[in-house]
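Asks: Sharing structure-v8.txt, compact mmCIF, C-alpha atoms:
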```txt
# COMPACT_ATOMS: atom_id res chain seq x y z
CA MET A 8 -10.43 1.16 15.66
CA LYS A 9 -6.87 1.77 16.84
CA LYS A 10 -6.22 -1.97 16.65
CA ALA A 11 -7.43 -2.04 13.04
CA LEU A 12 -5.17 0.84 12.12
CA LEU A 13 -2.28 -0.94 13.83
CA LEU A 14 -2.94 -4.03 11.72
CA LEU A 15 -2.80 -1.91 8.61
CA ALA A 16 0.46 -0.33 9.73
CA LEU A 17 2.01 -3.71 10.46
CA PHE A 18 0.93 -5.06 7.10
CA GLY A 19 2.51 -2.10 5.31
CA ALA A 20 5.71 -2.21 7.33
CA SER A 21 7.88 -4.28 4.99
CA ILE A 22 11.29 -2.96 5.98
CA GLY A 23 12.99 -3.10 9.35
CA HIS A 24 14.25 0.03 11.09
CA GLY A 25 17.76 0.83 9.91
CA GLN A 26 17.65 -1.67 7.03
CA ILE A 27 18.75 -0.46 3.58
CA LEU A 28 17.52 -2.19 0.42
CA ILE A 29 18.08 -1.78 -3.29
CA ASN A 30 14.60 -0.78 -4.45
CA GLU A 31 14.83 -0.08 -8.19
CA PHE A 32 17.32 0.40 -11.02
CA GLN A 33 17.68 -0.16 -14.76
CA PRO A 34 20.17 -2.90 -15.73
CA ASN A 35 19.80 -2.12 -19.45
CA PRO A 36 17.57 0.87 -20.24
CA THR A 37 15.88 0.92 -23.64
CA GLY A 38 17.84 2.76 -26.34
CA THR A 39 21.38 4.10 -26.22
CA ASP A 40 23.15 3.49 -22.92
CA PRO A 41 22.92 6.66 -20.78
CA ALA A 42 25.93 8.41 -19.28
CA ASN A 43 24.45 7.98 -15.80
CA VAL A 44 22.03 5.56 -14.22
CA ASP A 45 19.75 5.97 -11.19
CA ILE A 46 19.78 3.56 -8.26
CA GLU A 47 16.85 3.85 -5.86
CA LEU A 48 17.32 2.70 -2.27
CA LYS A 49 14.69 2.01 0.39
CA GLY A 50 15.35 2.74 4.05
CA THR A 51 14.12 4.57 7.14
CA PRO A 52 12.48 7.94 6.34
CA GLY A 53 14.78 10.79 7.35
CA ALA A 54 17.80 8.54 7.90
CA LEU A 55 21.19 9.49 6.46
CA PHE A 56 22.78 7.24 3.84
CA GLN A 57 26.53 6.99 3.49
CA GLY A 58 27.91 4.08 1.51
CA TRP A 59 28.91 2.67 -1.86
CA VAL A 60 27.17 1.27 -4.93
CA ILE A 61 29.22 -1.62 -6.31
CA SER A 62 28.85 -3.57 -9.57
CA ILE A 63 30.56 -6.95 -9.94
CA GLU A 64 31.19 -8.62 -13.31
CA SER A 65 29.15 -11.81 -13.47
CA ASP A 66 29.47 -12.93 -17.11
CA ALA A 67 30.79 -16.49 -17.04
CA THR A 68 32.81 -15.76 -20.22
CA SER A 69 34.61 -12.83 -18.51
CA PRO A 70 36.81 -12.73 -15.43
CA PHE A 71 33.71 -12.91 -13.26
CA GLY A 72 33.99 -11.62 -9.72
CA THR A 73 35.85 -8.43 -10.67
CA VAL A 74 34.51 -5.16 -9.26
CA ASP A 75 33.96 -3.13 -12.44
CA ARG A 76 32.04 -0.15 -11.01
CA ALA A 77 32.23 1.55 -7.61
CA ALA A 78 30.46 4.82 -6.74
CA ASP A 79 31.29 6.47 -3.41
CA PHE A 80 28.43 8.20 -1.57
CA THR A 81 30.06 8.26 1.85
CA SER A 82 30.76 12.01 1.78
CA ASN A 83 27.33 13.09 0.50
CA ALA A 84 24.72 14.08 3.08
CA THR A 85 21.83 12.23 1.43
CA VAL A 86 18.71 11.27 3.36
CA PHE A 87 15.74 9.01 2.71
CA ASP A 88 12.55 10.92 1.93
CA GLY A 89 9.18 10.61 3.64
CA ASN A 90 8.46 7.37 1.78
CA GLY A 91 11.83 5.95 2.79
CA LEU A 92 13.21 6.36 -0.74
CA LEU A 93 16.54 7.75 -1.94
CA VAL A 94 17.60 8.06 -5.59
CA LEU A 95 21.33 8.04 -6.32
CA SER A 96 22.92 8.84 -9.69
CA MET A 97 26.16 7.20 -10.82
CA PRO A 98 28.03 6.46 -14.08
CA ASP A 99 26.24 3.88 -16.22
CA LEU A 100 26.62 0.23 -15.27
CA GLU A 101 28.01 -2.28 -17.70
CA ASN A 102 25.13 -4.37 -19.07
CA PRO A 103 24.30 -7.68 -17.32
CA SER A 104 25.27 -10.21 -16.29
CA PHE A 105 26.29 -8.44 -13.10
CA THR A 106 25.74 -8.22 -9.37
CA VAL A 107 24.89 -4.84 -7.85
CA ALA A 108 25.50 -4.31 -4.14
CA ILE A 109 25.07 -1.53 -1.59
CA THR A 110 27.96 -1.62 0.86
CA GLU A 111 29.30 0.31 3.81
CA THR A 112 32.72 0.78 2.22
CA PHE A 113 35.01 -0.41 -0.58
CA THR A 114 38.72 -0.82 0.05
CA GLY A 115 39.68 -2.44 -3.25
CA THR A 116 40.49 -1.12 -6.74
CA VAL A 117 38.00 -0.96 -9.61
CA GLY A 118 38.98 -3.31 -12.44
CA VAL A 119 41.46 -5.16 -10.24
CA THR A 120 39.74 -6.37 -7.08
CA THR A 121 37.98 -9.72 -7.41
CA ILE A 122 35.75 -11.46 -4.93
CA GLU A 123 36.01 -14.77 -6.78
CA THR A 124 37.96 -17.41 -4.86
CA GLY A 125 36.69 -20.63 -6.38
CA GLY A 126 34.68 -21.13 -3.21
CA ALA A 127 32.90 -18.68 -0.94
CA PRO A 128 33.44 -15.14 -2.32
CA ASP A 129 35.88 -12.83 -0.54
CA LEU A 130 33.69 -10.06 0.87
CA SER A 131 36.34 -8.44 3.05
CA PHE A 132 36.51 -5.32 0.81
CA PHE A 133 33.02 -4.06 1.68
CA GLY A 134 32.41 -3.79 5.43
CA THR A 135 28.68 -4.21 5.99
CA ILE A 136 26.81 -5.31 2.87
CA TYR A 137 23.33 -3.80 3.05
CA ASP A 138 21.80 -5.51 0.02
CA ALA A 139 22.78 -7.16 -3.28
CA LEU A 140 21.07 -8.34 -6.45
CA GLY A 141 22.41 -10.63 -9.18
CA VAL A 142 21.02 -10.18 -12.72
CA PRO A 143 21.98 -12.76 -15.39
CA ASP A 144 21.55 -12.28 -19.14
CA ASN A 145 21.60 -16.03 -19.92
CA VAL A 146 21.04 -19.32 -18.13
CA GLY A 147 24.77 -20.08 -17.91
CA ASP A 148 25.45 -16.95 -15.87
CA GLU A 149 23.04 -17.96 -13.12
CA ALA A 150 26.02 -19.77 -11.57
CA THR A 151 28.28 -16.69 -11.57
CA ILE A 152 26.09 -14.04 -9.92
CA TYR A 153 26.67 -13.21 -6.27
CA GLY A 154 23.49 -11.64 -4.88
CA VAL A 155 22.54 -14.52 -2.58
CA ALA A 156 26.17 -15.09 -1.53
CA MET A 157 26.29 -11.42 -0.47
CA GLY A 158 23.12 -11.71 1.59
CA GLY A 159 20.69 -10.49 -1.08
CA SER A 160 18.84 -12.05 -4.02
CA ASP A 161 19.51 -13.49 -7.48
CA PHE A 162 17.21 -13.40 -10.48
CA SER A 163 16.83 -16.46 -12.64
CA TYR A 164 17.26 -15.72 -16.36
CA THR A 165 14.10 -13.98 -17.55
CA GLY A 166 14.59 -14.68 -21.28
CA ASP A 167 16.34 -11.37 -22.05
CA GLU A 168 18.23 -8.53 -20.39
CA PRO A 169 15.93 -6.68 -18.01
CA GLN A 170 15.50 -3.00 -18.75
CA SER A 171 14.20 -2.47 -15.22
CA VAL A 172 14.13 -4.31 -11.89
CA PHE A 173 12.11 -3.20 -8.87
CA ARG A 174 10.69 -4.33 -5.56
CA ASP A 175 6.95 -4.53 -4.95
CA GLY A 176 6.01 -1.31 -3.15
CA VAL A 177 4.45 -3.26 -0.25
CA THR A 178 5.93 -6.77 -0.05
CA ASN A 179 9.46 -5.94 -1.37
CA ALA A 180 9.29 -8.94 -3.75
CA TRP A 181 11.59 -8.49 -6.78
CA TYR A 182 10.27 -8.14 -10.36
CA ALA A 183 11.89 -7.49 -13.74
CA VAL A 184 10.69 -5.92 -16.99
CA ASN A 185 12.58 -7.14 -20.05
CA ASP A 186 13.85 -5.13 -23.03
CA PRO A 187 11.71 -5.13 -25.13
CA ALA A 188 9.02 -5.12 -22.46
CA GLY A 189 6.24 -7.21 -23.99
CA THR A 190 3.24 -7.60 -21.68
CA ASP A 191 4.79 -9.73 -18.91
CA VAL A 192 6.70 -8.90 -15.76
CA PHE A 193 8.98 -11.58 -14.31
CA ALA A 194 9.28 -12.66 -10.70
CA LEU A 195 12.64 -13.48 -9.13
CA ASP A 196 12.36 -17.10 -10.28
CA ALA A 197 11.50 -15.87 -13.83
CA THR A 198 7.81 -16.76 -13.51
CA PRO A 199 5.90 -14.46 -15.93
CA ILE A 200 3.11 -12.28 -14.53
CA ALA A 201 0.82 -10.09 -16.63
CA GLY A 202 1.78 -6.45 -16.20
CA SER A 203 -1.91 -5.56 -15.96
CA VAL A 204 -2.06 -7.33 -12.58
CA PHE A 205 -0.06 -4.50 -10.97
CA ASP A 206 -1.69 -1.30 -9.77
CA ILE A 207 0.70 0.54 -12.13
CA ASP A 208 1.53 -1.57 -15.20
CA PRO A 209 5.36 -1.83 -15.20
CA THR A 210 5.42 -2.76 -18.89
CA VAL A 211 3.88 0.65 -19.63
CA THR A 212 5.68 2.60 -16.89
CA PRO A 213 8.96 0.70 -16.38
CA SER A 214 10.48 3.15 -13.89
CA THR A 215 9.03 5.01 -10.91
CA PHE A 216 12.12 6.61 -9.38
CA GLY A 217 11.27 8.78 -6.39
CA SER A 218 7.78 7.36 -5.88
CA VAL A 219 6.35 4.15 -4.45
CA ASN A 220 6.87 1.17 -6.77
CA PRO A 221 4.04 -0.79 -8.39
CA ILE A 222 2.37 -3.44 -6.27
CA VAL A 223 0.60 -6.71 -6.95
CA PRO A 224 -2.68 -6.51 -5.03
CA GLU A 225 -3.40 -9.65 -3.04
CA PRO A 226 -7.22 -9.82 -2.80
CA SER A 227 -7.37 -12.54 -0.15
CA THR A 228 -4.90 -10.70 2.10
CA TYR A 229 -6.55 -7.33 1.69
CA ALA A 230 -9.96 -8.89 2.17
CA ALA A 231 -8.81 -10.41 5.45
CA ILE A 232 -7.44 -7.07 6.64
CA LEU A 233 -10.58 -5.23 5.61
CA GLY A 234 -12.61 -7.87 7.44
CA LEU A 235 -10.58 -7.26 10.60
CA ILE A 236 -11.07 -3.53 10.20
CA GLY A 237 -14.79 -4.07 9.83
CA LEU A 238 -14.96 -6.21 12.96
CA ALA A 239 -12.92 -3.67 14.91
CA TYR A 240 -15.19 -0.86 13.74
CA VAL A 241 -18.35 -2.78 14.75
CA ALA A 242 -16.85 -3.45 18.18
CA TYR A 243 -15.94 0.23 18.48
CA ARG A 244 -19.48 1.32 17.59
CA ARG A 245 -20.98 -1.07 20.12
CA ARG A 246 -18.86 0.37 22.90
CA LYS A 247 -20.08 3.91 22.21
```
Translate the structure described by the file into structure tokens.

Replies:
Amino acid sequence: MKKALLLLALFGASIGHGQILINEFQPNPTGTDPANVDIELKGTPGALFQGWVISIESDATSPFGTVDRAADFTSNATVFDGNGLLVLSMPDLENPSFTVAITETFTGTVGVTTIETGGAPDLSFFGTIYDALGVPDNVGDEATIYGVAMGGSDFSYTGDEPQSVFRDGVTNAWYAVNDPAGTDVFALDATPIAGSVFDIDPTVTPSTFGSVNPIVPEPSTYAAILGLIGLAYVAYRRRK
């Protein structure tokens, strides 16, 4: 039985010890832009977070590559909760296209510093980059987002500005809900998925700050795990 429980634990362990990920935020919330926006991070339960949230202009029609937002959380004693989640609040982000990054430090100047070099981006302003996500608001801007270049991920254009982006609560796969939401959720490559497939429909509940994100159940995977649990339990009973 212990082996079965270990298998379950390994299956649910989708983040390495000490790793920090962007877990959820709202690129363009429905309605009037708020004064502040929440950024949810995912890390090791009980661990201290000290770092920066950075937003980089990624509109191809603008001076893309400029750091246009930078929020400093290095002096705040903030820790990840029991689920490994931490919600930070910062002044509202400019609407996409942009790249959001979680970094160890920022030594540049907001509105002046650019990472654009015409080649590989200049990432010397950030120390360790924990995670990054590029969000385009049109096909043309897919070439001017920096998530992958910063060691993270980039969305393909989902057909509109996402009101919410989040990682699957188990697999950490990225998904987006557009504004207006409709009935589909979009994968990182912009493949549409019915919101009803998730355990919590993200088109109905587009944000879950402070709690585990929606997941896409994978019947074949869960069936295999349950089968292993069943076999382990039978073996356990036979040994008694």

Asks: Take every atom of segment 102-115 of chain A listed in the file, pad by 5 Å on each side, and give me the axis-aligned box centre and edge lengths in Å, one decimal, as JSON.

Replies:
```
{"center_x": 32.0, "center_y": -4.7, "center_z": -7.6, "size_x": 25.4, "size_y": 21.0, "size_z": 32.9}
```

Asks: What is the distance, in Å and to one decimal place, between atom CA of Gly166 of chain A and atom CA of Gly217 of chain A?

Replies: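 Calculated distance between atom CA of Gly166 of chain A and atom CA of Gly217 of chain A is 28.0 Å.
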
Asks: Counting all atoms listed in the file, find the residues whose atoms lie at most 8 Å from (23.7, 13.2, 1.6) (file coordinates) and write them out as a PyMOL selection string.

Replies: chain A and resi 55-57+80+82-86

Asks: Could you save the residues just selected, with C-alpha atoms, as a PDB file, in the frame of the given file?

Replies:
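Once everything was written out, this is again_5.pdb:
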```
ATOM      1  CA  LEU A  55      21.190   9.490   6.460  1.00  0.00           C
ATOM      2  CA  PHE A  56      22.780   7.240   3.840  1.00  0.00           C
ATOM      3  CA  GLN A  57      26.530   6.990   3.490  1.00  0.00           C
ATOM      4  CA  PHE A  80      28.430   8.200  -1.570  1.00  0.00           C
ATOM      5  CA  SER A  82      30.760  12.010   1.780  1.00  0.00           C
ATOM      6  CA  ASN A  83      27.330  13.090   0.500  1.00  0.00           C
ATOM      7  CA  ALA A  84      24.720  14.080   3.080  1.00  0.00           C
ATOM      8  CA  THR A  85      21.830  12.230   1.430  1.00  0.00           C
ATOM      9  CA  VAL A  86      18.710  11.270   3.360  1.00  0.00           C
TER      10      VAL A  86
END
```

Asks: Go through A:Asn30, A:Thr215, A:Thr120, A:Asn145 one by one, measure the shortest atom-to-atom distance of each to Phe173 of chain A using only C-alpha atoms, and give the residue with the smallest value.

Replies: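 Result for the nearest residue to Phe173 of chain A: A:Asn30.
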
Asks: Between atom CA of Phe162 of chain A and atom CA of Ala201 of chain A, what is the spacing in Å?

Replies: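 Between atom CA of Ala201 of chain A and atom CA of Phe162 of chain A the gap works out to 17.8 Å.
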
Asks: Neighbourhood query: residues within 10 Å of (6.3, 12.6, 3.6), file coordinates, counting all atoms listed in the file; return as a list in words.

Replies: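 Residues satisfying the cut-off, written out: Pro52, Gly53, Asp88, Gly89, Asn90 and Gly91 of chain A.
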
Asks: Neighbours of Val107 of chain A within 6 Å (all atoms listed in the file; same-chain residues fewer than 4 positions away dropped), as number ranges by chain?

Replies: A: 61-62, 139-140

Asks: Restricting the calculation to all atoms listed in the file, which member of A:Asp196, A:Glu149, A:Glu31, A:Glu111 is positioned closest to Phe71 of chain A?

Replies: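 Among the listed residues, the smallest separation from Phe71 of chain A belongs to A:Glu149.
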
Asks: For a quick check of understanding, using all atoms listed in the file, which of A:Pro143, A:Pro209, A:Gly72, A:Gly38 has the smallest distance to Thr190 of chain A?

Replies: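 Between A:Pro143, A:Pro209, A:Gly72, A:Gly38, the residue approaching Thr190 of chain A most closely is A:Pro209.
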
Asks: Between A:Ile200, A:Ile122, A:Leu92, A:Leu130, which residue has the minimum interatomic distance to Val219 of chain A, considering only C-alpha atoms?

Replies: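 Ranking A:Ile200, A:Ile122, A:Leu92, A:Leu130 by distance to Val219 of chain A, first place goes to A:Leu92.
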
Asks: Please complete segment 191-204 of chain A with N, CA, C and O atoms and give it back as a short mmCIF file (atom, residue, chain, number, x, y, z; two decimals), in the frame of the given file.

Replies:
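selection_24.cif, written as the output of this step:
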```cif
data_model
loop_
_atom_site.label_atom_id
_atom_site.label_comp_id
_atom_site.auth_asym_id
_atom_site.auth_seq_id
_atom_site.Cartn_x
_atom_site.Cartn_y
_atom_site.Cartn_z
N ASP A 191 4.56 -8.99 -20.15
CA ASP A 191 4.79 -9.73 -18.91
C ASP A 191 5.87 -9.08 -18.06
O ASP A 191 6.82 -8.48 -18.56
N VAL A 192 5.69 -9.24 -16.76
CA VAL A 192 6.70 -8.90 -15.76
C VAL A 192 7.17 -10.23 -15.18
O VAL A 192 6.40 -11.19 -15.11
N PHE A 193 8.43 -10.31 -14.77
CA PHE A 193 8.98 -11.58 -14.31
C PHE A 193 9.36 -11.52 -12.84
O PHE A 193 10.02 -10.59 -12.39
N ALA A 194 8.92 -12.54 -12.10
CA ALA A 194 9.28 -12.66 -10.70
C ALA A 194 10.74 -13.09 -10.58
O ALA A 194 11.41 -13.39 -11.57
N LEU A 195 11.24 -13.15 -9.36
CA LEU A 195 12.64 -13.48 -9.13
C LEU A 195 13.02 -14.83 -9.72
O LEU A 195 14.14 -15.02 -10.21
N ASP A 196 12.09 -15.78 -9.72
CA ASP A 196 12.36 -17.10 -10.28
C ASP A 196 12.01 -17.18 -11.76
O ASP A 196 11.95 -18.26 -12.34
N ALA A 197 11.80 -16.01 -12.40
CA ALA A 197 11.50 -15.87 -13.83
C ALA A 197 10.08 -16.28 -14.20
O ALA A 197 9.76 -16.39 -15.38
N THR A 198 9.21 -16.49 -13.22
CA THR A 198 7.81 -16.76 -13.51
C THR A 198 7.16 -15.51 -14.13
O THR A 198 7.26 -14.42 -13.55
N PRO A 199 6.53 -15.64 -15.31
CA PRO A 199 5.90 -14.46 -15.93
C PRO A 199 4.58 -14.10 -15.25
O PRO A 199 3.81 -14.97 -14.85
N ILE A 200 4.34 -12.80 -15.11
CA ILE A 200 3.11 -12.28 -14.53
C ILE A 200 2.63 -11.15 -15.44
O ILE A 200 3.42 -10.31 -15.85
N ALA A 201 1.36 -11.15 -15.77
CA ALA A 201 0.82 -10.09 -16.63
C ALA A 201 1.03 -8.73 -15.98
O ALA A 201 0.71 -8.54 -14.80
N GLY A 202 1.56 -7.78 -16.74
CA GLY A 202 1.78 -6.45 -16.20
C GLY A 202 0.51 -5.79 -15.72
O GLY A 202 0.54 -4.97 -14.80
N SER A 203 -0.62 -6.17 -16.32
CA SER A 203 -1.91 -5.56 -15.96
C SER A 203 -2.36 -5.93 -14.56
O SER A 203 -3.28 -5.32 -14.01
N VAL A 204 -1.71 -6.94 -13.94
CA VAL A 204 -2.06 -7.33 -12.58
C VAL A 204 -1.64 -6.26 -11.57
O VAL A 204 -2.27 -6.09 -10.53
#
```
